[in-house]
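Coordinates as given in start-v5.cif (mmCIF, C-alpha atoms and all ligand atoms):
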data_start
#
loop_
_atom_site.label_atom_id
_atom_site.label_comp_id
_atom_site.auth_asym_id
_atom_site.auth_seq_id
_atom_site.Cartn_x
_atom_site.Cartn_y
_atom_site.Cartn_z
CA MET E 1 -6.84 46.85 77.31
CA SER E 2 -10.37 45.98 76.30
CA LEU E 3 -12.21 43.10 77.98
CA GLN E 4 -11.92 41.09 74.80
CA GLU E 5 -8.18 41.63 74.67
CA LYS E 6 -7.90 40.61 78.33
CA LEU E 7 -9.82 37.40 77.60
CA GLU E 8 -7.67 36.71 74.55
CA ALA E 9 -4.49 37.10 76.63
CA LEU E 10 -5.91 34.87 79.35
CA LYS E 11 -6.68 32.20 76.74
CA GLU E 12 -3.16 32.29 75.35
CA THR E 13 -1.35 32.13 78.69
CA THR E 14 -3.68 29.41 80.01
CA LEU E 15 -3.23 27.27 76.89
CA LEU E 16 0.50 27.59 77.34
CA LYS E 17 0.28 26.59 81.02
CA ILE E 18 -1.88 23.57 80.10
CA LYS E 19 0.70 22.51 77.58
CA GLU E 20 3.44 22.68 80.16
CA SER E 21 1.51 20.90 82.93
CA PRO E 22 3.02 17.48 83.55
CA THR E 23 0.52 16.16 86.13
CA MET E 24 -3.19 15.82 86.82
CA ASN E 25 -2.73 18.00 89.89
CA ASP E 26 -1.33 20.87 87.82
CA LEU E 27 -4.28 20.64 85.44
CA ASN E 28 -6.81 20.59 88.27
CA GLN E 29 -5.18 23.63 89.74
CA ILE E 30 -5.44 25.52 86.43
CA ARG E 31 -9.10 24.53 86.12
CA VAL E 32 -9.87 25.89 89.57
CA GLU E 33 -7.79 29.07 89.08
CA VAL E 34 -9.04 30.04 85.62
CA LEU E 35 -12.48 28.44 85.26
CA GLY E 36 -13.51 28.25 88.93
CA LYS E 37 -16.05 30.52 90.71
CA LYS E 38 -13.37 32.97 91.75
CA GLY E 39 -11.54 32.82 88.44
CA PRO E 40 -11.18 35.60 85.81
CA ILE E 41 -13.77 34.23 83.38
CA THR E 42 -16.49 34.05 86.01
CA GLU E 43 -15.46 37.57 86.99
CA VAL E 44 -15.91 38.79 83.40
CA LEU E 45 -19.31 37.14 83.15
CA ARG E 46 -20.31 38.70 86.47
CA GLY E 47 -19.22 42.16 85.28
CA MET E 48 -21.45 41.96 82.17
CA LYS E 49 -24.14 43.95 83.87
CA ASP E 50 -21.91 47.03 83.64
CA LEU E 51 -21.49 46.72 79.90
CA SER E 52 -23.56 48.42 77.27
CA ALA E 53 -26.37 46.45 75.67
CA LYS E 54 -24.41 46.36 72.46
CA GLU E 55 -21.24 44.98 73.99
CA ARG E 56 -22.88 42.49 76.37
CA PRO E 57 -23.76 39.67 73.90
CA LYS E 58 -20.41 39.94 72.11
CA VAL E 59 -18.32 39.74 75.30
CA GLY E 60 -20.63 37.11 76.76
CA SER E 61 -20.35 34.76 73.84
CA TYR E 62 -16.62 35.34 73.62
CA ALA E 63 -16.14 34.55 77.31
CA ASN E 64 -18.23 31.38 76.93
CA GLU E 65 -16.24 30.37 73.86
CA ILE E 66 -12.97 30.80 75.72
CA ARG E 67 -14.30 28.83 78.71
CA ASP E 68 -15.24 25.98 76.34
CA ILE E 69 -11.85 26.06 74.60
CA LEU E 70 -9.96 25.95 77.90
CA THR E 71 -12.22 23.22 79.38
CA GLU E 72 -11.65 21.10 76.32
CA ALA E 73 -7.89 21.72 76.39
CA ILE E 74 -7.73 20.68 80.04
CA GLU E 75 -9.76 17.49 79.36
CA GLU E 76 -7.56 16.64 76.40
CA ALA E 77 -4.39 17.14 78.44
CA LYS E 78 -5.86 14.93 81.19
CA SER E 79 -6.68 12.17 78.70
CA SER E 80 -3.20 12.18 77.30
CA ILE E 81 -1.69 11.97 80.81
CA GLU E 82 -4.03 9.03 81.56
CA ALA E 83 -3.04 7.32 78.31
CA ALA E 84 0.64 7.83 79.08
CA ASN E 85 0.15 6.43 82.61
CA LEU E 86 -1.63 3.37 81.21
CA GLU E 87 1.07 2.87 78.63
CA LYS E 88 3.70 3.01 81.35
CA ALA E 89 1.83 0.55 83.59
CA LEU E 90 1.36 -1.89 80.73
CA ALA E 91 5.03 -1.70 79.88
CA GLU E 92 6.01 -2.33 83.51
CA GLU E 93 3.57 -5.20 84.03
CA SER E 94 4.11 -6.97 80.75
CA ILE E 95 4.88 -10.69 80.99
CA ASP E 96 7.89 -12.18 79.33
CA VAL E 97 6.51 -15.50 78.16
CA THR E 98 9.97 -16.70 77.24
CA LEU E 99 11.14 -16.74 80.91
CA PRO E 100 11.38 -20.23 82.45
CA GLY E 101 8.27 -21.12 84.50
CA LYS E 102 8.13 -21.75 88.25
CA LYS E 103 8.17 -25.49 88.93
CA MET E 104 5.16 -26.64 90.93
CA ASP E 105 5.89 -29.49 93.31
CA ARG E 106 3.43 -32.29 92.63
CA GLY E 107 2.69 -34.96 95.19
CA THR E 108 2.54 -38.65 94.32
CA ARG E 109 0.59 -41.52 95.73
CA HIS E 110 2.32 -43.24 98.62
CA VAL E 111 4.39 -46.24 97.54
CA LEU E 112 2.13 -48.61 99.51
CA THR E 113 -0.95 -47.21 97.77
CA GLN E 114 0.83 -47.73 94.45
CA ILE E 115 1.59 -51.39 95.26
CA MET E 116 -1.97 -52.03 96.46
CA GLU E 117 -3.49 -50.45 93.36
CA GLU E 118 -1.19 -52.51 91.18
CA ILE E 119 -2.35 -55.71 92.88
CA GLU E 120 -5.99 -54.59 92.71
CA ASP E 121 -5.60 -54.00 88.96
CA ILE E 122 -4.28 -57.53 88.43
CA PHE E 123 -7.28 -59.07 90.17
CA VAL E 124 -9.87 -56.74 88.71
CA GLY E 125 -8.50 -57.86 85.34
CA MET E 126 -9.32 -61.44 86.36
CA GLY E 127 -12.92 -60.56 87.25
CA TYR E 128 -12.57 -60.04 91.01
CA GLN E 129 -14.56 -57.43 92.90
CA VAL E 130 -12.79 -55.14 95.37
CA VAL E 131 -14.51 -55.06 98.75
CA GLU E 132 -13.60 -52.79 101.64
CA GLY E 133 -14.54 -53.74 105.16
CA TYR E 134 -14.34 -52.07 108.56
CA GLU E 135 -11.15 -51.24 110.43
CA VAL E 136 -13.10 -51.31 113.68
CA GLU E 137 -14.54 -54.81 113.65
CA LYS E 138 -16.42 -57.27 115.81
CA ASP E 139 -14.52 -60.10 117.46
CA HIS E 140 -17.23 -62.25 115.89
CA TYR E 141 -16.10 -61.50 112.31
CA ASN E 142 -12.38 -61.08 112.96
CA PHE E 143 -12.01 -64.36 114.85
CA GLU E 144 -15.08 -66.48 115.55
CA ARG E 145 -16.35 -66.65 111.99
CA MET E 146 -12.78 -67.42 110.93
CA ASN E 147 -12.92 -70.63 112.96
CA LEU E 148 -11.16 -69.05 115.93
CA PRO E 149 -13.55 -69.36 118.87
CA LYS E 150 -12.76 -67.51 122.11
CA ASP E 151 -9.74 -69.05 123.85
CA HIS E 152 -8.53 -70.75 120.67
CA PRO E 153 -4.74 -70.93 121.04
CA ALA E 154 -4.18 -69.69 117.47
CA ARG E 155 -5.53 -66.28 118.50
CA ASP E 156 -2.05 -65.78 119.92
CA MET E 157 -0.76 -65.62 116.33
CA GLN E 158 -2.41 -62.20 116.08
CA ASP E 159 -1.89 -60.08 119.18
CA THR E 160 -4.94 -57.84 119.25
CA PHE E 161 -5.90 -54.25 120.15
CA TYR E 162 -9.29 -54.64 121.84
CA ILE E 163 -11.71 -51.72 122.17
CA SER E 164 -14.12 -53.74 124.29
CA GLU E 165 -14.59 -57.45 124.85
CA GLU E 166 -16.52 -57.78 121.58
CA VAL E 167 -15.00 -54.95 119.50
CA LEU E 168 -11.44 -54.66 118.24
CA ILE E 169 -9.42 -53.09 115.46
CA ARG E 170 -9.01 -55.80 112.88
CA THR E 171 -5.86 -57.89 112.94
CA HIS E 172 -6.27 -59.07 109.35
CA THR E 173 -8.53 -58.46 106.35
CA SER E 174 -10.17 -61.89 106.71
CA PRO E 175 -13.34 -60.53 108.42
CA VAL E 176 -14.21 -58.99 105.04
CA GLN E 177 -14.39 -62.58 103.70
CA ALA E 178 -16.90 -63.53 106.37
CA ARG E 179 -19.06 -60.48 105.73
CA THR E 180 -19.01 -60.94 101.95
CA MET E 181 -19.71 -64.68 102.08
CA GLU E 182 -22.84 -64.25 104.18
CA THR E 183 -24.40 -61.84 101.68
CA HIS E 184 -23.21 -63.30 98.37
CA ASP E 185 -25.95 -64.62 96.09
CA PHE E 186 -24.48 -67.71 94.39
CA SER E 187 -27.38 -67.92 91.93
CA LYS E 188 -25.71 -64.90 90.28
CA GLY E 189 -22.33 -66.62 89.91
CA PRO E 190 -19.18 -67.49 91.88
CA LEU E 191 -17.69 -65.23 94.54
CA ARG E 192 -14.38 -63.68 93.51
CA MET E 193 -13.17 -60.86 95.72
CA ILE E 194 -10.15 -59.11 97.10
CA SER E 195 -10.13 -56.82 100.10
CA PRO E 196 -7.25 -54.42 100.55
CA GLY E 197 -6.89 -52.43 103.74
CA LYS E 198 -5.19 -51.43 106.95
CA VAL E 199 -4.75 -53.90 109.79
CA PHE E 200 -3.36 -53.59 113.32
CA ARG E 201 -1.49 -55.87 115.70
CA ARG E 202 0.21 -55.38 119.03
CA ASP E 203 3.51 -56.32 117.44
CA THR E 204 6.61 -54.52 118.63
CA ASP E 205 7.81 -52.27 115.82
CA ASP E 206 11.09 -53.37 114.30
CA ALA E 207 12.65 -53.50 110.84
CA THR E 208 10.12 -56.06 109.53
CA HIS E 209 7.13 -55.53 111.85
CA SER E 210 4.83 -52.59 112.26
CA HIS E 211 1.83 -52.36 114.61
CA GLN E 212 -0.08 -50.95 111.64
CA PHE E 213 0.39 -52.46 108.20
CA HIS E 214 -1.62 -53.53 105.18
CA GLN E 215 -3.04 -56.73 103.83
CA ILE E 216 -4.78 -57.83 100.69
CA GLU E 217 -7.07 -60.75 101.14
CA GLY E 218 -8.29 -62.83 98.22
CA LEU E 219 -11.22 -65.24 98.16
CA VAL E 220 -12.83 -67.39 95.48
CA ILE E 221 -15.81 -69.68 96.14
CA ASP E 222 -17.65 -71.77 93.61
CA LYS E 223 -18.39 -75.40 92.89
CA ASN E 224 -15.27 -77.51 92.24
CA ILE E 225 -12.61 -74.98 93.23
CA THR E 226 -9.31 -76.78 93.93
CA MET E 227 -5.75 -76.15 95.09
CA GLY E 228 -4.85 -76.13 91.39
CA ASP E 229 -6.95 -72.97 90.95
CA LEU E 230 -5.19 -71.40 93.91
CA LYS E 231 -1.74 -72.24 92.58
CA GLY E 232 -2.55 -71.05 89.04
CA THR E 233 -4.04 -67.77 90.30
CA LEU E 234 -1.11 -66.96 92.55
CA GLU E 235 1.37 -67.88 89.83
CA VAL E 236 -0.26 -65.38 87.43
CA MET E 237 -0.23 -62.72 90.11
CA MET E 238 3.45 -63.24 90.98
CA GLN E 239 4.44 -63.21 87.31
CA LYS E 240 2.62 -59.92 86.80
CA MET E 241 4.18 -58.45 89.92
CA PHE E 242 7.72 -59.78 89.72
CA GLY E 243 8.34 -60.87 86.13
CA GLU E 244 7.19 -63.45 83.59
CA ASP E 245 9.59 -66.25 84.61
CA ARG E 246 8.64 -66.32 88.28
CA GLN E 247 7.60 -69.66 89.74
CA ILE E 248 5.87 -70.36 93.01
CA ARG E 249 6.00 -73.23 95.48
CA LEU E 250 3.62 -74.21 98.23
CA ARG E 251 4.74 -75.40 101.67
CA PRO E 252 2.38 -76.91 104.25
CA SER E 253 1.39 -74.47 106.96
CA TYR E 254 -1.40 -73.78 109.42
CA PHE E 255 -4.19 -71.22 109.52
CA PRO E 256 -7.37 -71.98 111.46
CA PHE E 257 -9.55 -70.72 108.60
CA THR E 258 -8.05 -72.83 105.80
CA GLU E 259 -7.53 -76.55 105.41
CA PRO E 260 -5.12 -77.45 103.98
CA SER E 261 -3.07 -74.31 104.57
CA VAL E 262 0.08 -73.29 102.77
CA GLU E 263 2.88 -70.76 102.82
CA VAL E 264 3.60 -69.55 99.31
CA ASP E 265 7.14 -68.78 98.15
CA VAL E 266 8.08 -67.06 94.90
CA SER E 267 11.35 -67.71 93.09
CA CYS E 268 13.71 -64.81 93.74
CA PHE E 269 13.16 -61.95 91.29
CA LYS E 270 16.68 -60.67 91.82
CA CYS E 271 18.86 -63.74 91.36
CA GLY E 272 16.30 -65.98 89.61
CA GLY E 273 16.90 -68.75 92.15
CA ALA E 274 20.69 -68.91 92.40
CA GLY E 275 20.80 -67.27 95.84
CA CYS E 276 21.42 -63.65 96.82
CA ASN E 277 20.91 -61.18 99.66
CA VAL E 278 17.20 -60.62 98.82
CA CYS E 279 16.29 -64.33 99.15
CA LYS E 280 18.85 -64.93 101.91
CA GLN E 281 20.71 -67.35 99.61
CA THR E 282 17.70 -69.72 99.36
CA GLY E 283 16.47 -68.77 95.89
CA TRP E 284 12.93 -68.40 97.28
CA ILE E 285 11.04 -65.58 98.99
CA GLU E 286 8.18 -66.24 101.40
CA ILE E 287 5.40 -64.02 100.16
CA LEU E 288 1.96 -64.98 101.51
CA GLY E 289 -0.29 -67.38 103.38
CA ALA E 290 -3.14 -69.24 101.69
CA GLY E 291 -5.28 -72.36 101.67
CA MET E 292 -8.62 -73.96 100.93
CA VAL E 293 -11.40 -72.31 102.91
CA HIS E 294 -12.16 -74.44 105.97
CA PRO E 295 -15.58 -76.18 105.76
CA ASN E 296 -16.46 -74.69 109.19
CA VAL E 297 -15.92 -71.19 107.79
CA LEU E 298 -18.18 -71.92 104.82
CA GLU E 299 -20.85 -73.42 107.02
CA MET E 300 -20.83 -70.51 109.49
CA SER E 301 -21.41 -68.18 106.53
CA GLY E 302 -24.41 -70.22 105.36
CA ILE E 303 -22.60 -71.91 102.45
CA ASP E 304 -22.97 -75.69 102.03
CA PRO E 305 -19.41 -77.16 102.12
CA THR E 306 -20.60 -80.32 100.38
CA GLN E 307 -21.61 -78.22 97.36
CA TYR E 308 -19.09 -75.40 97.39
CA SER E 309 -15.37 -75.04 97.98
CA GLY E 310 -12.98 -72.15 97.76
CA PHE E 311 -9.50 -70.81 98.25
CA ALA E 312 -8.28 -67.79 100.15
CA PHE E 313 -4.98 -66.01 100.50
CA GLY E 314 -3.61 -63.03 102.39
CA LEU E 315 -0.51 -61.06 101.58
CA GLY E 316 1.27 -58.06 103.06
CA PRO E 317 1.83 -55.23 100.54
CA ASP E 318 4.31 -53.59 102.94
CA ARG E 319 6.57 -56.61 102.68
CA VAL E 320 6.06 -56.76 98.90
CA ALA E 321 7.14 -53.11 98.62
CA MET E 322 10.19 -53.78 100.82
CA LEU E 323 11.24 -56.68 98.59
CA ARG E 324 10.68 -54.90 95.34
CA TYR E 325 12.45 -51.68 96.26
CA GLY E 326 15.07 -53.07 98.63
CA VAL E 327 13.67 -51.11 101.61
CA ASN E 328 15.23 -52.63 104.70
CA ASP E 329 13.07 -51.04 107.38
CA ILE E 330 9.25 -51.17 107.25
CA ARG E 331 9.01 -48.15 109.58
CA GLN E 332 10.17 -45.90 106.77
CA PHE E 333 6.77 -46.30 105.09
CA TYR E 334 5.10 -44.68 108.08
CA GLN E 335 7.53 -41.92 108.99
CA ASN E 336 6.48 -39.73 106.07
CA ASP E 337 9.95 -38.41 105.42
CA VAL E 338 9.48 -36.78 102.01
CA ARG E 339 13.07 -37.57 101.04
CA PHE E 340 12.12 -41.25 101.28
CA ILE E 341 8.61 -40.98 99.83
CA ARG E 342 9.67 -38.89 96.83
CA GLN E 343 11.82 -41.72 95.54
CA PHE E 344 8.69 -43.60 94.51
CA LYS E 345 7.24 -41.41 91.81
CA GLY E 346 4.94 -44.01 90.25
CA GLU E 347 2.49 -42.84 87.61
CA GLN E 348 1.72 -39.15 87.94
C1 LIG N 1 -2.96 -63.67 108.06
O1 LIG N 1 -3.18 -62.59 108.58
C2 LIG N 1 -4.04 -64.41 107.36
N1 LIG N 1 -5.30 -63.79 107.55
C3 LIG N 1 -3.67 -64.50 105.86
C4 LIG N 1 -4.47 -65.57 105.17
C5 LIG N 1 -5.65 -65.23 104.56
C6 LIG N 1 -4.05 -66.88 105.14
C7 LIG N 1 -6.41 -66.19 103.92
C8 LIG N 1 -4.79 -67.85 104.54
C9 LIG N 1 -5.96 -67.49 103.91
P1 LIG N 1 -0.41 -63.67 108.62
O2 LIG N 1 -0.55 -63.40 110.09
O3 LIG N 1 0.68 -64.56 108.22
O4 LIG N 1 -1.73 -64.22 107.99
O5 LIG N 1 -0.25 -62.27 107.88
C10 LIG N 1 -0.23 -62.17 106.48
C11 LIG N 1 0.87 -61.24 106.00
O6 LIG N 1 0.80 -60.00 106.69
C12 LIG N 1 2.28 -61.75 106.29
O7 LIG N 1 2.70 -62.61 105.29
C13 LIG N 1 3.07 -60.49 106.30
O8 LIG N 1 3.38 -60.10 104.97
C14 LIG N 1 2.10 -59.48 106.82
N2 LIG N 1 2.37 -59.17 108.24
C15 LIG N 1 2.01 -59.87 109.33
N3 LIG N 1 2.39 -59.22 110.45
C16 LIG N 1 2.99 -58.08 110.06
C17 LIG N 1 3.58 -56.97 110.74
N4 LIG N 1 3.60 -56.85 112.05
N5 LIG N 1 4.11 -55.95 109.98
C18 LIG N 1 4.06 -56.04 108.65
N6 LIG N 1 3.51 -57.02 107.94
C19 LIG N 1 2.98 -58.05 108.65
#

As structure tokens, the full file:
Amino acid sequence: MSLQEKLEALKETTLLKIKESPTMNDLNQIRVEVLGKKGPITEVLRGMKDLSAKERPKVGSYANEIRDILTEAIEEAKSSIEAANLEKALAEESIDVTLPGKKMDRGTRHVLTQIMEEIEDIFVGMGYQVVEGYEVEKDHYNFERMNLPKDHPARDMQDTFYISEEVLIRTHTSPVQARTMETHDFSKGPLRMISPGKVFRRDTDDATHSHQFHQIEGLVIDKNITMGDLKGTLEVMMQKMFGEDRQIRLRPSYFPFTEPSVEVDVSCFKCGGAGCNVCKQTGWIEILGAGMVHPNVLEMSGIDPTQYSGFAFGLGPDRVAMLRYGVNDIRQFYQNDVRFIRQFKGEQ
């Protein structure tokens, strides 16, 4: 068999093998065996020196041609294996967009945050500013500036966590009043503020008391502010919170920082006044404390009580939430049991 015939046969058998090779490995093996340094084509090219001058270019170019044909055939076979692999992967990883999606659990704001934001919105709508104070507060602002000097018996109404003799964690949001009053510039208009926040008392935890709870304080100071303004403001608030036909009533009470002081009741939102379990058969629900700011409090904040007057009120959003949702134990708000919390979806 001539060299040319040998090369021709090699081409045919190799092309056949390439065709039948199912994997990249098989193809690589053929490349090494046939086209590699120890392969038959290299051998032919090496043996060229023994050929006659006439035969040499013919065999040489034929061997090169066959090497090119086989190299190309191997590359082509590799490409089609790669394409098939890609095709297979795409088919396996394809996404069925018609399958139902995985439901992501979304958190909600805590029910107390929801109530506080609702109350804030009502007052912001009436032109109040929202002021946040300090949870760690000075005795001076928490008590003294609220007309409760040291040893005043009414300090017993708010059993206090003291950090030092002069520093405590606030027992109510009223110190924010004192701080805001001393900096307010009345030449720019009346003072209308609310201050929502956390407060702390050494109360023994039970169904209606928590040692940590929330308050929202309200304060308005201007010339000629009267009890009528207080009553009208609270009436609007209660109607927005508990329904358009709510009424309120004021009962005399005592707070050292207001004079006169009142307890405010709202007509029962459940029975409308007839008597039920929510209002303990009275038709009325006690909802907050309020009054006209005591002249001493104004004076201590640098406001002339002969020129200015004001009203203040303080309510407990925890108790409001309990009433509205029929929660019978305040401690549930603080236990963070998701089965409880999830019931209050609010706005998402
Ligand atoms: C005050 O703290 C006054 N600073 C409110 C005030 C402000 C009156 C301005 C007049 C003018 P009182 O101690 O009553 O008042 O608390 C107000 C509200 O906080 C109560 O009506 C109640 O809703 C809530 N509250 C009081 N103690 C607790 C407690 N341990 N757990 C939950 N809520 C409480």

Expected answer as a ChimeraX atom specification: residues within 6 Å of ligand LIG 1 (chain N), all atoms listed in the file: /E:172,174,203,209-211,213,215,217,287-291,312-316,319

Give the padded box for region 330-346 of chain E as lines of an AutoDock Vina configuration file: axis-aligned, covering all atoms listed in the file, 8 Å on each side, centre and edge lengths in Å to one decimal.
center_x = 9.0
center_y = -44.0
center_z = 99.9
size_x = 24.1
size_y = 30.4
size_z = 35.3

Distance query region 151-166 of chain E at most 7 Å, only C-alpha atoms, self and fewer than 3 positions along chain excluded, as a VMD selection string: chain E and resid 138 to 139 148 169 171 201 to 203

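Using all atoms listed in the file, the smallest distance between any of E:Thr180, E:Thr23, E:Lys88, E:Gly218 and Met126 (chain E) comes from E:Gly218.
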
Residue with smallest distance to Glu33 (chain E) - pool E:Met292, E:Lys17, E:Ile95, E:Leu51, counting only C-alpha atoms: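 Of all the options, E:Lys17 lies closest to Glu33 (chain E).
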
Test item: residues at most 10 Å from region 260-277 of chain E, all atoms listed in the file, excluding those fewer than 4 positions along its chain, as a PyMOL selection string: chain E and resi 227+231+234-235+238-239+241-256+281-294+311-313+315+323-324

Env of Ile194 (chain E): 7 Å cut, atoms = only C-alpha atoms, seq-sep filter 5 positions within chain, self excluded. Answer as a PDB file with C-alpha atoms, in the frame of the given file.
ATOM      1  CA  TYR E 128     -12.570 -60.040  91.010  1.00  0.00           C
ATOM      2  CA  GLN E 129     -14.560 -57.430  92.900  1.00  0.00           C
ATOM      3  CA  VAL E 130     -12.790 -55.140  95.370  1.00  0.00           C
ATOM      4  CA  VAL E 131     -14.510 -55.060  98.750  1.00  0.00           C
ATOM      5  CA  ILE E 216      -4.780 -57.830 100.690  1.00  0.00           C
ATOM      6  CA  GLU E 217      -7.070 -60.750 101.140  1.00  0.00           C
ATOM      7  CA  GLY E 218      -8.290 -62.830  98.220  1.00  0.00           C
ATOM      8  CA  LEU E 219     -11.220 -65.240  98.160  1.00  0.00           C
TER       9      LEU E 219
END

Interatomic distance, CA of Arg192 (chain E) to CA of Glu259 (chain E) (Å, one decimal):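 Straight-line distance from CA of Arg192 (chain E) to CA of Glu259 (chain E) works out to 18.8 Å.
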
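Taking only C-alpha atoms into account, Ile18 (chain E) lies nearest to E:Thr71 out of the set E:Arg46, E:Gln343, E:Thr71, E:Glu55.
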
Shortest interatomic distance to Asn85 (chain E) - which of E:His214, E:Met24, E:His110, E:Thr173, counting only C-alpha atoms: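 The answer is E:Met24, which sits nearest to Asn85 (chain E).
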
Shell around Leu15 (chain E) at 10 Å using only C-alpha atoms, local window under 6 positions removed, as a ChimeraX atom specification: /E:9,21,30,69-70,73-74

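Coordinates place CA of Glu75 (chain E) at a distance of 25.9 Å from CA of Lys58 (chain E).
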
Between CA of Glu8 (chain E) and CA of Asn28 (chain E), distance in Å (one decimal): 21.2 Å

Given all atoms listed in the file as the counted atoms, nearest of E:Glu182, E:Asp50, E:Asp329, E:Glu132 to Arg145 (chain E):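 Among the listed residues, the smallest separation from Arg145 (chain E) belongs to E:Glu182.
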
Nearby residues, (-22.5, -68.8, 109.6) file frame, 10 Å, all atoms listed in the file, as a list in words: Glu144, Arg145, Met146, Ala178, Arg179, Met181, Glu182, Asn296, Val297, Leu298, Glu299, Met300, Ser301, Gly302 and Ile303 of chain E

Include C-alpha atoms and write out the residues we just selected as a compact mmCIF listing (two decimals), keeping the file's coordinate frame.
# COMPACT_ATOMS: atom_id res chain seq x y z
CA GLU E 144 -15.08 -66.48 115.55
CA ARG E 145 -16.35 -66.65 111.99
CA MET E 146 -12.78 -67.42 110.93
CA ALA E 178 -16.90 -63.53 106.37
CA ARG E 179 -19.06 -60.48 105.73
CA MET E 181 -19.71 -64.68 102.08
CA GLU E 182 -22.84 -64.25 104.18
CA ASN E 296 -16.46 -74.69 109.19
CA VAL E 297 -15.92 -71.19 107.79
CA LEU E 298 -18.18 -71.92 104.82
CA GLU E 299 -20.85 -73.42 107.02
CA MET E 300 -20.83 -70.51 109.49
CA SER E 301 -21.41 -68.18 106.53
CA GLY E 302 -24.41 -70.22 105.36
CA ILE E 303 -22.60 -71.91 102.45

Take the structure in the block and write a file for region 38-49 of chain E, N, CA and C atoms, as a PDB file, in the first residue's frame.
ATOM      1  N   LYS E  38       3.138  11.326  18.521  1.00  0.00           N
ATOM      2  CA  LYS E  38       3.485   9.927  18.246  1.00  0.00           C
ATOM      3  C   LYS E  38       2.504   9.293  17.274  1.00  0.00           C
ATOM      4  N   GLY E  39       1.627  10.081  16.717  1.00  0.00           N
ATOM      5  CA  GLY E  39       0.586   9.562  15.842  1.00  0.00           C
ATOM      6  C   GLY E  39       1.072   9.293  14.421  1.00  0.00           C
ATOM      7  N   PRO E  40       0.247   8.606  13.608  1.00  0.00           N
ATOM      8  CA  PRO E  40       0.659   8.181  12.255  1.00  0.00           C
ATOM      9  C   PRO E  40       0.941   9.345  11.308  1.00  0.00           C
ATOM     10  N   ILE E  41       0.242  10.457  11.446  1.00  0.00           N
ATOM     11  CA  ILE E  41       0.472  11.561  10.505  1.00  0.00           C
ATOM     12  C   ILE E  41       1.837  12.192  10.744  1.00  0.00           C
ATOM     13  N   THR E  42       2.134  12.415  12.039  1.00  0.00           N
ATOM     14  CA  THR E  42       3.464  12.954  12.363  1.00  0.00           C
ATOM     15  C   THR E  42       4.546  11.997  11.855  1.00  0.00           C
ATOM     16  N   GLU E  43       4.249  10.718  11.982  1.00  0.00           N
ATOM     17  CA  GLU E  43       5.217   9.696  11.530  1.00  0.00           C
ATOM     18  C   GLU E  43       5.469   9.815  10.021  1.00  0.00           C
ATOM     19  N   VAL E  44       4.359  10.001   9.261  1.00  0.00           N
ATOM     20  CA  VAL E  44       4.489  10.152   7.808  1.00  0.00           C
ATOM     21  C   VAL E  44       5.333  11.381   7.491  1.00  0.00           C
ATOM     22  N   LEU E  45       5.022  12.486   8.190  1.00  0.00           N
ATOM     23  CA  LEU E  45       5.742  13.727   7.903  1.00  0.00           C
ATOM     24  C   LEU E  45       7.231  13.578   8.249  1.00  0.00           C
ATOM     25  N   ARG E  46       7.474  12.799   9.317  1.00  0.00           N
ATOM     26  CA  ARG E  46       8.878  12.585   9.713  1.00  0.00           C
ATOM     27  C   ARG E  46       9.627  11.749   8.665  1.00  0.00           C
ATOM     28  N   GLY E  47       8.880  10.800   8.065  1.00  0.00           N
ATOM     29  CA  GLY E  47       9.519   9.881   7.106  1.00  0.00           C
ATOM     30  C   GLY E  47       9.699  10.497   5.710  1.00  0.00           C
ATOM     31  N   MET E  48       9.366  11.755   5.546  1.00  0.00           N
ATOM     32  CA  MET E  48       9.428  12.414   4.238  1.00  0.00           C
ATOM     33  C   MET E  48      10.849  12.467   3.677  1.00  0.00           C
ATOM     34  N   LYS E  49      11.774  12.502   4.647  1.00  0.00           N
ATOM     35  CA  LYS E  49      13.174  12.630   4.193  1.00  0.00           C
ATOM     36  C   LYS E  49      13.603  11.428   3.337  1.00  0.00           C
TER      37      LYS E  49
END
